[in-house]
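Colleague: One structure, as structure tokens, below. Some questions next.
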Amino acid sequence: MATKISTPQNPDITPKTPRLDRPRIALPARHNGRWSGYRHLLWARIIELKREPEVVFWVFIFPLLLAGGLGIAFRNKPADVTSVVVIAGDGAQRTLAMLQNSPIHSTIRATVLDREAALKAFHVGKYDLVIECNPNGSYIYYYDPARPESVLSRAEIDAALQSSAGRKDALTTSAQSSNEPGSRYIDFLIPGLLGMNLMNSGMWGIGFALVEMRQRKLLKRFVATPMRRSDFLLALTSSRLVLMVIEVGLLLGFGVLVFHMRVQGWRSILSVLLLASLGAVTFGGVGLLTACRAQKIESVSGLINLVMMPMWIFSGVFFSYDKFPAMAHPFIKALPLTALNDALRATIIEGATLSSQSGRLLVLAVWGGVSFVLALRWFRWT
Amino acid sequence: MSPTTIECTNLRKTYDGKVEAVRGISLQIEAGQCFGLLGPNGAGKTTTIEILEGLLAPTSGDVRIFGHTWNDNPRQLREWIGISLQETRLSEKLNVRETIELFASFYSAPRPAAEVLEELELTEKADSWVGKLSGGQKQRLAVATALVGNPRILFLDEPTTGLDPQSRRQLWDIVRVFQKKGGTVLLTTHYMDEAERLCDRLAIVDHGQIIAEGTPSELIDRLGGHHVVEFQVSKSGTADNRKDEDKDKDKDDDNLERWQSLPSVESVRREDSTVSLSVREPHLTIPALLGALTSNGHQLEHLSTRQASLEDVFVNLTGRHLREN
């Protein structure tokens, strides 16, 4: 758009305009509309995030690594193999043969070692159970009651040996294994990670960013202009929503592609996006409240961790909160991350409708709303 | 008749009910002026300018910008003023052009970013990230964010602190260009050369109060003499074997009076072993000084004369230097 005015050669006809030392570039006068500030703030925020490699890593890559790592570690192994060691001796080979002949031989991996080596390997967790056969044909099991796999192994091995030795079952039973997408650990994990990620990036993305700007005196510089303060906060929140869409897409896409997770239809995806938006805004509000007065990034970092810590533990990110005493459940369910995780799981795994989650949505909305109102009341720009 | 652009009466600011940063400052700044608040660190300059900028509420007192208070219509006032704070670290991951465009977007009728870039000699750096700029470039960018809103008043808080001489001169030129186009400038500084060269009027601030106000030359005139004669003496001969402390006391007591009575001397002060005389006409004072020294058996160790500066005004008023800690 720039048009350069050529400088007149004859000084007599130089127009009487304020002369500067350099030739001026004349550009059309510009008039900014109501939302110009908001648009530029949002754009600037997104550009800044894009140019911050740490943000890209923590917000986008880290959750994927976490999901990948945990998904592999807790993948459904071919029906948990139990590793046992038989102490070398008279009956050792016979015992091995009995285990080989048992109906569950495919889930048993057995070796023979001398007594000392066997016990040592058991103590460092290499084997779940040590089997010793006495000369009289009886058996001793060494197991660790504190290790679930050891307890399980004792029961399985005992059943295997007993049936190989000729014990008859009193009842006829059969078992059906469930390995369907939807009931595995990864299916439980991905929505939890999604919730945790929304919390992390809301708290850090809003709370930390604000205090950093306050510390740099950038907030003060902004309010020294005609910028609308509401535009600033709105832009900050909107930037979270933009990131949220990418976060959700990546994590769900990863779950679907790598772990063949099943998302229940397109309506469910829309519900997940709406839920995630509410979650992002709620934690944005909590982040805003956490950061409303802090002057130093050191102090706000501590505060953010303090706020998030209980939710990491109680809100069922990595394991179900059913493990906590029932007495604590009402408090756990009142935490925003619990509400978000529960609602995400219901929506993603069960294809639940949003209206069926209204209680949880309300918990989120109350946390977000109250935080925003308090934060705006106490907010310090300088 | 141009109306008073910036006016404040009896400003006071007390922090936490204890620290009195500003203790009754009144100012009147006319349109087109470059007005300077000169004073040492901690004098209350920044508090004063931030109250005038509407960023800080005074404990008591009244501020008017173009006749409006900050409660009348803050958004309109913000459209009219441009501010560079003492310390702002702009977003390091935005480039220069993006930063200026961002600030431009807050104003209803900003100047074109390219024009401001050109004027502040930042065009070459337009695509550099803010984090990569030198100190002088960062400071020019800070002023650019103030100028892009096309303000009528420019507030600059310590605009050249920590800059190299070339960058300082560049910034002074920018201020002059703004002023030439009819803008009003209020700046704070603790550099007396900056105040002397740039400001039409000055208020010297110390301990939250204005201790002198006027044009730079008026303030120097008030010293009485436009020249300063500085000298150091030692007693000649061997008669004097007493220790330094006693000698110094003696000098303080009897000598200062004597120098005051030399011709054309307006005032006398001593700093360590140097005596400074404010003098109207050095050609009258110096011969008399030399005569007096010889007749008293003093030996001259050092003698110099120079033009009086605002620094001398400040020392004369407070007994301290501007940059003293």
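Here's how to read the names in the structure tokens: chain A, B, ... by the order shown, residue numbers from 1 in each chain, ligand numbers from 1 in the order shown.
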Compute the chain A side of the contact with chain B at 6 Å, counting only C-alpha atoms, and hand it back as number ranges by chain.
Modeller: A: 30-32, 36-37, 40, 48, 216-218, 225-227
Colleague: Near range 27-43 of chain B, within 9 Å and counting only C-alpha atoms, which residues show up once chain neighbours fewer than 5 positions away are dropped, as an mmCIF file with C-alpha atoms, in the first residue's frame?
Modeller:
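Once written, part11.cif looks like this:
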data_model
loop_
_atom_site.group_PDB
_atom_site.id
_atom_site.type_symbol
_atom_site.label_atom_id
_atom_site.label_comp_id
_atom_site.auth_asym_id
_atom_site.auth_seq_id
_atom_site.Cartn_x
_atom_site.Cartn_y
_atom_site.Cartn_z
ATOM 1 C CA SER B 2 -2.603 27.520 24.722
ATOM 2 C CA PRO B 3 -4.260 25.742 27.598
ATOM 3 C CA THR B 4 -2.184 24.021 30.223
ATOM 4 C CA THR B 5 -1.530 20.528 28.934
ATOM 5 C CA ILE B 6 -0.540 18.872 32.191
ATOM 6 C CA GLU B 7 -1.424 20.323 35.528
ATOM 7 C CA CYS B 8 -1.183 18.921 39.008
ATOM 8 C CA THR B 9 -1.616 20.480 42.393
ATOM 9 C CA ASN B 10 -0.245 19.373 45.704
ATOM 10 C CA ALA B 21 7.390 9.162 48.067
ATOM 11 C CA VAL B 22 5.805 12.408 46.892
ATOM 12 C CA ILE B 49 5.164 10.681 36.482
ATOM 13 C CA ARG B 152 -0.155 14.683 21.919
ATOM 14 C CA ILE B 153 1.867 14.109 25.067
ATOM 15 C CA VAL B 175 12.181 13.678 21.292
ATOM 16 C CA ARG B 176 13.076 16.868 19.426
ATOM 17 C CA GLN B 179 8.349 18.318 19.940
ATOM 18 C CA LYS B 180 8.873 20.068 16.592
ATOM 19 C CA LYS B 181 5.596 18.571 15.421
ATOM 20 C CA GLY B 182 3.838 20.243 18.311
ATOM 21 C CA GLY B 183 3.979 17.498 20.912
ATOM 22 C CA THR B 184 4.399 18.026 24.629
ATOM 23 C CA VAL B 185 7.017 15.983 26.472
ATOM 24 C CA LEU B 186 7.398 15.160 30.125
ATOM 25 C CA LEU B 187 10.507 13.225 31.009
ATOM 26 C CA THR B 188 12.361 12.226 34.137
ATOM 27 C CA THR B 189 16.111 11.925 34.269
ATOM 28 C CA HIS B 190 19.003 11.933 36.626
ATOM 29 C CA TYR B 191 21.388 13.037 33.893
ATOM 30 C CA MET B 192 21.956 16.757 34.129
ATOM 31 C CA ALA B 195 18.015 17.847 31.219
ATOM 32 C CA LEU B 198 16.608 18.593 25.969
ATOM 33 C CA CYS B 199 14.304 20.407 28.374
ATOM 34 C CA ASP B 200 12.691 23.800 27.995
ATOM 35 C CA ARG B 201 11.763 23.793 31.651
ATOM 36 C CA LEU B 202 12.882 21.756 34.594
ATOM 37 C CA ALA B 203 11.772 20.936 38.073
ATOM 38 C CA ILE B 204 14.504 19.685 40.372
ATOM 39 C CA VAL B 205 13.033 17.059 42.659
ATOM 40 C CA ASP B 206 14.500 15.842 45.904
ATOM 41 C CA HIS B 207 12.874 13.851 48.703
ATOM 42 C CA GLY B 208 9.471 14.057 47.011
ATOM 43 C CA GLN B 209 9.445 17.815 46.678
ATOM 44 C CA ILE B 210 10.304 20.370 44.016
ATOM 45 C CA PHE B 314 21.710 20.543 42.605
ATOM 46 C CA HIS B 321 25.460 15.065 43.957
ATOM 47 C CA LEU B 322 22.740 13.832 41.606
ATOM 48 C CA ARG B 323 24.297 10.430 41.108
ATOM 49 C CA GLU B 324 25.349 9.927 44.698
ATOM 50 C CA ASN B 325 24.067 6.838 46.450
#
Colleague: Could you pull the residues within 12 Å of Gly359 in chain A, counting only C-alpha atoms, minus those fewer than 4 positions along the same chain, as a list in words?
Modeller: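 Residues near the query, excluding close chain neighbours: Lys333, Ala334, Pro336, Thr338, Ala339, Leu340, Asp342, Ala343, Leu354, Ser355, Val363, Leu364, Ala365 and Val366 of chain A.
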Colleague: With N, CA and C atoms retained, could you export that selection as a CSV table (one decimal), in the first residue's frame?
Modeller:
chain,number,residue,atom,x,y,z
A,333,LYS,N,-15.1,-35.7,44.2
A,333,LYS,CA,-16.0,-35.4,43.1
A,333,LYS,C,-16.2,-33.9,43.0
A,334,ALA,N,-16.0,-33.2,44.0
A,334,ALA,CA,-16.2,-31.7,43.9
A,334,ALA,C,-15.0,-31.0,43.3
A,336,PRO,N,-12.6,-29.8,40.4
A,336,PRO,CA,-12.9,-29.6,38.9
A,336,PRO,C,-12.3,-30.7,38.0
A,338,THR,N,-11.7,-33.8,38.7
A,338,THR,CA,-12.5,-35.1,38.8
A,338,THR,C,-13.8,-35.0,37.9
A,339,ALA,N,-14.4,-33.8,38.0
A,339,ALA,CA,-15.6,-33.6,37.2
A,339,ALA,C,-15.3,-33.7,35.7
A,340,LEU,N,-14.2,-33.1,35.3
A,340,LEU,CA,-13.8,-33.1,33.9
A,340,LEU,C,-13.4,-34.5,33.5
A,342,ASP,N,-14.2,-37.4,34.8
A,342,ASP,CA,-15.4,-38.3,34.8
A,342,ASP,C,-16.3,-38.1,33.5
A,343,ALA,N,-16.5,-36.8,33.3
A,343,ALA,CA,-17.3,-36.4,32.1
A,343,ALA,C,-16.7,-36.9,30.8
A,354,LEU,N,-24.1,-35.0,26.7
A,354,LEU,CA,-23.7,-34.0,27.6
A,354,LEU,C,-24.8,-33.7,28.7
A,355,SER,N,-26.1,-33.9,28.3
A,355,SER,CA,-27.1,-33.6,29.3
A,355,SER,C,-27.0,-34.6,30.5
A,363,VAL,N,-20.4,-28.5,38.2
A,363,VAL,CA,-19.2,-28.4,39.1
A,363,VAL,C,-18.1,-27.6,38.4
A,364,LEU,N,-17.9,-27.9,37.1
A,364,LEU,CA,-16.9,-27.1,36.3
A,364,LEU,C,-17.2,-25.7,36.2
A,365,ALA,N,-18.5,-25.4,35.9
A,365,ALA,CA,-18.9,-24.0,35.6
A,365,ALA,C,-18.8,-23.2,36.9
A,366,VAL,N,-19.2,-23.8,38.1
A,366,VAL,CA,-19.1,-23.1,39.3
A,366,VAL,C,-17.6,-22.7,39.6
Colleague: Could you go through range 123-184 of chain B and tell me which residues DSSP, when run on the backbone, assigns to strand (DSSP E or B), listing them as an mmCIF file with C-alpha atoms, in the first residue's frame?
Modeller:
data_model
loop_
_atom_site.group_PDB
_atom_site.id
_atom_site.type_symbol
_atom_site.label_atom_id
_atom_site.label_comp_id
_atom_site.auth_asym_id
_atom_site.auth_seq_id
_atom_site.Cartn_x
_atom_site.Cartn_y
_atom_site.Cartn_z
ATOM 1 C CA TRP B 129 12.814 -10.619 17.524
ATOM 2 C CA ILE B 153 1.867 14.109 25.067
ATOM 3 C CA LEU B 154 4.862 11.841 25.430
ATOM 4 C CA PHE B 155 5.818 10.624 28.905
ATOM 5 C CA LEU B 156 9.334 9.242 29.162
ATOM 6 C CA ASP B 157 10.607 7.823 32.430
ATOM 7 C CA THR B 184 4.399 18.026 24.629
#
Colleague: DSSP on the backbone, then: every residue of range 117-266 of chain A marked helix (DSSP H, G or I), written as a VMD selection string.
Modeller: chain A and resid 117 to 123 148 to 164 185 to 215 218 to 223 229 to 259 265 to 266
Colleague: Just checking: using only C-alpha atoms, which residue out of A:Ile46, A:Val317, A:Ala294, A:Ile157 ends up closest to Leu194 in chain A?
Modeller: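 Under the stated criterion, the closest residue is A:Val317.
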Colleague: I'd like the contact shell of Ile186 in chain A - 8 Å cut-off, only C-alpha atoms, skipping same-chain residues fewer than 6 positions apart - returned as a list in words.
Modeller: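 Listing them by chain and then by number gives Ala67, Leu70, Gly71, Phe74, Arg75, Gly255, Phe259 and Met261 of chain A.
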Colleague: Restricting it to C-alpha atoms, dump the selection as a tab-separated table (two decimals), in the first residue's frame.
Modeller:
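The result, stored in selection-v9.tsv:
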chain	number	residue	atom	x	y	z
A	67	ALA	CA	0.23	-41.69	26.85
A	70	LEU	CA	1.98	-45.68	29.94
A	71	GLY	CA	-0.05	-47.30	27.21
A	74	PHE	CA	0.22	-51.23	30.92
A	75	ARG	CA	-0.77	-52.75	27.61
A	255	GLY	CA	-5.24	-42.93	21.05
A	259	PHE	CA	-4.07	-47.90	20.54
A	261	MET	CA	-9.21	-46.46	20.89
Colleague: From the set A:Phe188, A:Phe122, A:Trp43, A:Phe254, which residue has the shortest atom-to-atom contact distance to Ile61 in chain A, counting only C-alpha atoms?
Modeller: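 Nearest candidate to Ile61 in chain A out of A:Phe188, A:Phe122, A:Trp43, A:Phe254: A:Phe254.
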Colleague: To one decimal in Å, tell me the separation between CA of Asp164 in chain B and CA of Ser134 in chain B.
Modeller: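 Pair CA of Asp164 in chain B / CA of Ser134 in chain B returns 10.5 Å.
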Colleague: Determine, counting only C-alpha atoms, which protein, DNA and RNA residues have an atom within 7 Å of an atom of Ala235 in chain A; residues of the same chain fewer than 5 positions away are not included. Present the result as a JSON list (two decimals) with C-alpha atoms, in the first residue's frame.
Modeller:
[["chain", "number", "residue", "atom", "x", "y", "z"],
["A", 38, "TYR", "CA", -8.53, -8.19, 20.75],
["A", 41, "LEU", "CA", -3.63, -9.63, 21.23],
["A", 42, "LEU", "CA", -4.89, -13.08, 20.31]]
Colleague: Can you pull out the residues contacting Leu161 in chain A? Cut-off 10 Å, using only C-alpha atoms, and skip same-chain residues under 2 positions away; I want them as JSON, numbers by chain.
Modeller: {"A": [95, 96, 97, 98, 99, 100, 101, 102, 139, 156, 157, 158, 159, 163, 164, 165, 166, 167]}
Colleague: Considering only C-alpha atoms, state which residue in the set A:Val373, A:Leu113, A:Val242, A:Met327 is at the smallest distance from Leu49 in chain A.
Modeller: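 Among A:Val373, A:Leu113, A:Val242, A:Met327, it is A:Val242 that comes nearest to Leu49 in chain A.
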Colleague: For Lys138 in chain B, which residue among B:Asp221, B:Asp272, B:Glu121, B:Glu230 is the nearest when counting only C-alpha atoms?
Modeller: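 Of B:Asp221, B:Asp272, B:Glu121, B:Glu230, the one nearest Lys138 in chain B, counting only C-alpha atoms, is B:Glu121.
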Colleague: Please report the interatomic distance between CA of Glu196 in chain B and CA of Ser26 in chain B in Å with one decimal.
Modeller: 21.2 Å
Colleague: Show which residues sit within 7 Å of Ala375 in chain A, as a ChimeraX atom specification. Count only C-alpha atoms, and ignore same-chain residues fewer than 4 positions away.
Modeller: /A:288-289,292,371,379
Colleague: Those residues with C-alpha atoms, as a compact mmCIF listing (two decimals), in the first residue's frame please?
Modeller:
# COMPACT_ATOMS: atom_id res chain seq x y z
CA LEU A 288 -6.25 -16.41 36.58
CA LEU A 289 -7.23 -16.53 40.25
CA CYS A 292 -4.18 -12.48 40.19
CA SER A 371 -12.63 -18.10 40.02
CA PHE A 379 -6.54 -8.58 39.82
Colleague: Using Å and a single decimal, report how far CA of Glu271 in chain B sits from CA of Ser304 in chain B.
Modeller: 14.6 Å
